[in-house]
Number of protein chains: 6
Amino acid sequence: MAIVTVTRRMRFNAAHRVHNPALSDEENVRIFGKCNNPNGHGHNYALEVAVRGPVDERTGYVIDLGLLRDVVEREVIEKTDHRNFNIDVDYMRGINPTTENIVVEMWRVLAPVVQPGQLIRLRLWETENNYVEYEGE
Amino acid sequence: MAIVTVTRRMRFNAAHRVHNPALSDEENVRIFGKCNNPNGHGHNYALEVAVRGPVDERTGYVIDLGLLRDVVEREVIEKTDHRNFNIDVDYMRGINPTTENIVVEMWRVLAPVVQPGQLIRLRLWETENNYVEYEGE
Amino acid sequence: MAIVTVTRRMRFNAAHRVHNPALSDEENVRIFGKCNNPNGHGHNYALEVAVRGPVDERTGYVIDLGLLRDVVEREVIEKTDHRNFNIDVDYMRGINPTTENIVVEMWRVLAPVVQPGQLIRLRLWETENNYVEYEGE
Amino acid sequence: MAIVTVTRRMRFNAAHRVHNPALSDEENVRIFGKCNNPNGHGHNYALEVAVRGPVDERTGYVIDLGLLRDVVEREVIEKTDHRNFNIDVDYMRGINPTTENIVVEMWRVLAPVVQPGQLIRLRLWETENNYVEYEGE
Amino acid sequence: MAIVTVTRRMRFNAAHRVHNPALSDEENVRIFGKCNNPNGHGHNYALEVAVRGPVDERTGYVIDLGLLRDVVEREVIEKTDHRNFNIDVDYMRGINPTTENIVVEMWRVLAPVVQPGQLIRLRLWETENNYVEYEGE
Amino acid sequence: MAIVTVTRRMRFNAAHRVHNPALSDEENVRIFGKCNNPNGHGHNYALEVAVRGPVDERTGYVIDLGLLRDVVEREVIEKTDHRNFNIDVDYMRGINPTTENIVVEMWRVLAPVVQPGQLIRLRLWETENNYVEYEGE
């Protein structure tokens with residue numbers, strides 16, 4: 001039985017301010033520069049959710065992409081789209097919303113609930129020139 | 001002498017909240033829905049600046065795209081990139097930051113300072129699926 | 001009051017066979033080549049719907065893009081997405097589904113129902129290298 | 001000698017109906033929804049063919065991408081482009097044309113004939129938001 | 001009979017050096033900067049060819065896009081692809097290869113030979129952020 | 001501490017001629033075809049630089065993407081952008097500028113100077129349909 005990886009790309013828009021409250025304001029400005037703007041900025045994020053597993057003989061699917069979309073929509077997108085990462089998003093509470101930290105927290109939310117197949121990679125695009133990838137390590 | 005239109009695409013990231021302070025909170029929610037989220041959301045905007053004019057025989061250019069980039073950078077992008085449209089951007093003061101209103105205000109800033117050639121169109125992409133165009137009417 | 005054009009891009013997938021039943025099979029093959037394959041082929045189409053009008057002072061919108069999306073979804077996309085243009089799509093009955101003919105028929109469906117503002121252009125992408133535009137002439 | 005992976009992207013258009021003849025019509029509708037439409041739908045597919053191997057000192061190539069293109073064109077694209085996966089494509093005979101099943105069968109066709117270098121990944125895009133990957137497992 | 005515009009996008013790669021031999025070397029450097037590098041640089045250009053006309057009742061086409069592709073391939077692409085604009089391209093002889101000048105010369109080549117329909121616009125992309133448009137004026 | 005991969009995409013334009021001086025002119029033409037054009041051609045290249053490492057608890061970054069951009073700009077882009085690979089680029093001296101050879105030489109330049117984190121992949125796009133990847137093997 002062949003092992004295939006299927007990926008679904010989903011999009012959301014959000015505001016964020018890159019800021020570590022454990023540091024002084026001066027350090028925040030020095031480290032994060034314009035990304036530390038007090039009133040925030042924002043992005044059109046794209047999230048690619050990759051699931052790997054055997055192709056089901058009956059359906060020809062690793063996972064029904066409609067079901068995958070519904071799970072990701074419910075667990076991650078609805079809580080994030082048109083929101084502010086620093087204030088509105090429960091799974092980011094107390095966490096500095098860098099792209100790296102966002103992708104790790106999304107993994108913690110999605111890894112236990114995606115099935116059949118196994119979540120094997122999240123790729124999160126912040127702009128058309130920057131993206132991060134996390135594989136659960 | 002041939003008349004050509006040259007276009008330069010530039011990008012910036014910003015937060016905004018679609019909100020008309022002249023309306024009640026209930027009306028704002030009813031009209032703008034999730035775009036009215038009090039803590040804002042954001043986008044990777046792309047701005048296409050189109051300049052039309054005769055091709056200069058000496059340079060083969062309508063306008064030097066490096067100079068065009070510098071003008072747009074200084075007049076619009078620097079004031080907007082990594083900012084919050086509702087709070088940080090002087091040319092949007094008191095104006096509800098819908099994409100339509102943003103593109104019109106950017107025109108007002110850029111039309112007098114772009115030359116040689118004539119600014120003939122601004123196209124502003126809010127997401128990969130939505131854009132607005134303004135030609136100065 | 002500024003006059004702005006807003007555009008919404010929407011996508012759908014469909015099968016079609018380019019075929020004119022008024023011609024002989026030989027002529028159909030000669031004119032349409034592989035696009036005349038009896039069992040059809042298909043595309044990921046993208047439709048750009050452009051609406052032009054004054055910016056409403058109260059909303060800052062030409063037209064609420066959510067409402068525009070809903071109208072296009074109901075009138076055109078639902079009847080077309082995951083369908084076969086030659087068999088399943090009522091507004092194309094008896095019409096050879098070339099991209100040109102599709103865009104004209106979509107215009108006939110959408111022009112009377114899009115408002116506020118005026119439908120001024122439909123751009124229909126058949127592939128990433130081919131598109132057609134219709135402005136109602 | 002450095003080991004490099006080279007990838008060539010190729011495109012084709014095809015119709016398909018997701019349908020498992022071993023199941024009842026009711027089950028097919030329940031599992032595959034609108035993808036089971038009896039008259040089919042279609043896509044602009046993009047296939048990325050990745051070949052890995054040492055860089056040849058004489059040519060500076062892992063594999064001449066022109067030769068790779070010709071092999072993939074002859075073995076896969078010509079048999080598929082502007083066709084119907086359920087009826088016209090010999091290497092899919094009797095197989096439900098989900099994206100997963102298509103990519104596995106394309107691998108079976110291409111893996112033995114691609115050389116020099118080794119076919120190490122096929123990535124097949126069905127839409128701009130969905131793709132599958134197969135590495136021969 | 002509906003009037004539709006059809007557009008075909010084609011790609012080619014070429015080297016060029018932006019240089020006006022009527023100017024001194026110092027002026028060339030001052031005006032064109034790094035684009036004047038003596039050994040040239042290059043681009044992946046994309047050319048969009050737009051043809052406007054009535055939809056033929058028999059074919060459902062404004063112009064057969066296969067024929068349009070063949071004409072553009074023969075008259076423009078074959079003479080340009082994998083070439084150096086300053087040395088190898090006959091229709092650019094003696095002309096400074098700015099994007100503006102290239103698009104005007106391509107128009108002169110294509111306007112007389114494209115039919116049925118009328119060539120109404122050429123859009124030439126030099127990079128993903130810069131393009132020029134010419135409509136024959 | 002989570003291990004994340006961050007990727008930055010950067011672009012440059014360059015001319016090149018695929019040519020191995022150790023071979024005869026006839027062999028060069030036979031092997032490289034139009035890519036061997038004596039006066040060169042060119043591309044808009046895109047380079048994706050992937051760096052892998054633990055997320056720093058203080059910054060929430062694997063590596064500050066601004067610093068990464070500056071290093072790649074200084075070490076690779078400035079020496080290459082708007083240049084001719086066969087003549088102007090020091091790190092390619094004496095090397096046939098195929099995409100495979102370019103990506104390997106860029107790795108040699110970047111691997112020692114990228115930090116914190118580890119350079120784990122370079123992906124170099126020559127056109128929108130061709131790219132190569134190198135991971136240091």
# chains A, B, ... in the order shown; residues from 1 in each chain; ligands from 1
$ select_by_dssp --residues "range 28-130 of chain D" --states "strand (DSSP E)" --output "list in words"
His41, Gly42, His43, Asn44, Tyr45, Ala46, Leu47, Glu48, Val49, Ala50, Val51, Arg52, Gly53, Pro54, Arg83, Asn84, Gln118, Leu119, Ile120, Arg121, Leu122, Arg123, Leu124, Trp125, Glu126, Thr127 and Asn130 of chain D
$ interface_residues --of "chain A" --to "chain F" --cutoff "10 Å" --atoms "only C-alpha atoms" --output "PyMOL selection string"
chain A and resi 18-23+28+31-33+95-104+123-125+127-137
$ atom_distance --atom1 "CA of Asn84 in chain D" --atom2 "CA of Leu47 in chain C"
23.4 Å
$ select_by_dssp --residues "range 30-84 of chain C" --states "helix (DSSP H, G or I)" --output "PDB file with N, CA, C and O atoms, in the first residue's frame"
ATOM      1  N   ARG C  30     -10.882  19.120 -36.759  1.00  0.00           N
ATOM      2  CA  ARG C  30      -9.944  19.988 -37.471  1.00  0.00           C
ATOM      3  C   ARG C  30      -9.805  21.347 -36.776  1.00  0.00           C
ATOM      4  O   ARG C  30      -8.711  21.877 -36.614  1.00  0.00           O
ATOM      5  N   ILE C  31     -10.931  21.912 -36.333  1.00  0.00           N
ATOM      6  CA  ILE C  31     -10.910  23.250 -35.727  1.00  0.00           C
ATOM      7  C   ILE C  31     -10.421  23.212 -34.282  1.00  0.00           C
ATOM      8  O   ILE C  31      -9.630  24.046 -33.859  1.00  0.00           O
ATOM      9  N   PHE C  32     -10.903  22.223 -33.513  1.00  0.00           N
ATOM     10  CA  PHE C  32     -10.673  22.277 -32.060  1.00  0.00           C
ATOM     11  C   PHE C  32      -9.571  21.334 -31.566  1.00  0.00           C
ATOM     12  O   PHE C  32      -9.159  21.409 -30.410  1.00  0.00           O
ATOM     13  N   GLY C  33      -9.135  20.429 -32.437  1.00  0.00           N
ATOM     14  CA  GLY C  33      -7.996  19.558 -32.077  1.00  0.00           C
ATOM     15  C   GLY C  33      -8.242  18.817 -30.775  1.00  0.00           C
ATOM     16  O   GLY C  33      -9.332  18.279 -30.549  1.00  0.00           O
ATOM     17  N   LYS C  34      -7.237  18.779 -29.898  1.00  0.00           N
ATOM     18  CA  LYS C  34      -7.349  17.987 -28.676  1.00  0.00           C
ATOM     19  C   LYS C  34      -8.418  18.541 -27.724  1.00  0.00           C
ATOM     20  O   LYS C  34      -8.876  17.833 -26.837  1.00  0.00           O
ATOM     21  N   CYS C  35      -8.812  19.810 -27.904  1.00  0.00           N
ATOM     22  CA  CYS C  35      -9.876  20.388 -27.070  1.00  0.00           C
ATOM     23  C   CYS C  35     -11.232  19.755 -27.389  1.00  0.00           C
ATOM     24  O   CYS C  35     -12.206  19.964 -26.671  1.00  0.00           O
ATOM     25  N   ASN C  36     -11.300  19.002 -28.503  1.00  0.00           N
ATOM     26  CA  ASN C  36     -12.540  18.342 -28.920  1.00  0.00           C
ATOM     27  C   ASN C  36     -12.621  16.898 -28.430  1.00  0.00           C
ATOM     28  O   ASN C  36     -13.573  16.179 -28.742  1.00  0.00           O
ATOM     29  N   LEU C  65     -17.667  43.339  -0.304  1.00  0.00           N
ATOM     30  CA  LEU C  65     -17.134  42.198  -1.061  1.00  0.00           C
ATOM     31  C   LEU C  65     -17.706  40.868  -0.574  1.00  0.00           C
ATOM     32  O   LEU C  65     -17.716  39.889  -1.323  1.00  0.00           O
ATOM     33  N   GLY C  66     -18.178  40.823   0.649  1.00  0.00           N
ATOM     34  CA  GLY C  66     -18.854  39.623   1.137  1.00  0.00           C
ATOM     35  C   GLY C  66     -20.172  39.400   0.405  1.00  0.00           C
ATOM     36  O   GLY C  66     -20.495  38.279  -0.001  1.00  0.00           O
ATOM     37  N   LEU C  67     -20.920  40.474   0.193  1.00  0.00           N
ATOM     38  CA  LEU C  67     -22.170  40.351  -0.564  1.00  0.00           C
ATOM     39  C   LEU C  67     -21.892  40.016  -2.024  1.00  0.00           C
ATOM     40  O   LEU C  67     -22.576  39.188  -2.625  1.00  0.00           O
ATOM     41  N   LEU C  68     -20.887  40.663  -2.601  1.00  0.00           N
ATOM     42  CA  LEU C  68     -20.531  40.358  -3.993  1.00  0.00           C
ATOM     43  C   LEU C  68     -20.181  38.873  -4.130  1.00  0.00           C
ATOM     44  O   LEU C  68     -20.650  38.185  -5.042  1.00  0.00           O
ATOM     45  N   ARG C  69     -19.364  38.392  -3.195  1.00  0.00           N
ATOM     46  CA  ARG C  69     -18.986  36.964  -3.216  1.00  0.00           C
ATOM     47  C   ARG C  69     -20.229  36.069  -3.148  1.00  0.00           C
ATOM     48  O   ARG C  69     -20.355  35.094  -3.885  1.00  0.00           O
ATOM     49  N   ASP C  70     -21.160  36.432  -2.261  1.00  0.00           N
ATOM     50  CA  ASP C  70     -22.357  35.603  -2.118  1.00  0.00           C
ATOM     51  C   ASP C  70     -23.187  35.573  -3.401  1.00  0.00           C
ATOM     52  O   ASP C  70     -23.703  34.518  -3.795  1.00  0.00           O
ATOM     53  N   VAL C  71     -23.342  36.727  -4.056  1.00  0.00           N
ATOM     54  CA  VAL C  71     -24.118  36.774  -5.301  1.00  0.00           C
ATOM     55  C   VAL C  71     -23.454  35.931  -6.387  1.00  0.00           C
ATOM     56  O   VAL C  71     -24.114  35.128  -7.065  1.00  0.00           O
ATOM     57  N   VAL C  72     -22.143  36.103  -6.556  1.00  0.00           N
ATOM     58  CA  VAL C  72     -21.438  35.361  -7.609  1.00  0.00           C
ATOM     59  C   VAL C  72     -21.452  33.870  -7.284  1.00  0.00           C
ATOM     60  O   VAL C  72     -21.652  33.024  -8.164  1.00  0.00           O
ATOM     61  N   GLU C  73     -21.263  33.552  -6.016  1.00  0.00           N
ATOM     62  CA  GLU C  73     -21.306  32.154  -5.577  1.00  0.00           C
ATOM     63  C   GLU C  73     -22.653  31.519  -5.953  1.00  0.00           C
ATOM     64  O   GLU C  73     -22.706  30.442  -6.553  1.00  0.00           O
ATOM     65  N   ARG C  74     -23.746  32.214  -5.605  1.00  0.00           N
ATOM     66  CA  ARG C  74     -25.090  31.647  -5.822  1.00  0.00           C
ATOM     67  C   ARG C  74     -25.461  31.594  -7.302  1.00  0.00           C
ATOM     68  O   ARG C  74     -26.016  30.603  -7.774  1.00  0.00           O
ATOM     69  N   GLU C  75     -25.134  32.657  -8.045  1.00  0.00           N
ATOM     70  CA  GLU C  75     -25.615  32.757  -9.420  1.00  0.00           C
ATOM     71  C   GLU C  75     -24.734  32.005 -10.416  1.00  0.00           C
ATOM     72  O   GLU C  75     -25.203  31.574 -11.462  1.00  0.00           O
ATOM     73  N   VAL C  76     -23.445  31.887 -10.109  1.00  0.00           N
ATOM     74  CA  VAL C  76     -22.536  31.333 -11.103  1.00  0.00           C
ATOM     75  C   VAL C  76     -21.731  30.142 -10.573  1.00  0.00           C
ATOM     76  O   VAL C  76     -21.688  29.084 -11.196  1.00  0.00           O
ATOM     77  N   ILE C  77     -21.084  30.306  -9.430  1.00  0.00           N
ATOM     78  CA  ILE C  77     -20.130  29.277  -8.981  1.00  0.00           C
ATOM     79  C   ILE C  77     -20.846  27.975  -8.607  1.00  0.00           C
ATOM     80  O   ILE C  77     -20.463  26.893  -9.063  1.00  0.00           O
TER      81      ILE C  77
END
$ atom_distance --atom1 "CA of Gly40 in chain D" --atom2 "CA of His16 in chain D"
5.4 Å
$ residues_around --residues "Tyr91 in chain D" --least-positions-apart "5" --cutoff "10 Å" --atoms "only C-alpha atoms" --output "PyMOL selection string"
chain D and resi 75-76+79-80+85+102+105-106+108-109
$ atom_distance --atom1 "CA of Phe12 in chain E" --atom2 "CA of Arg93 in chain E"
18.5 Å
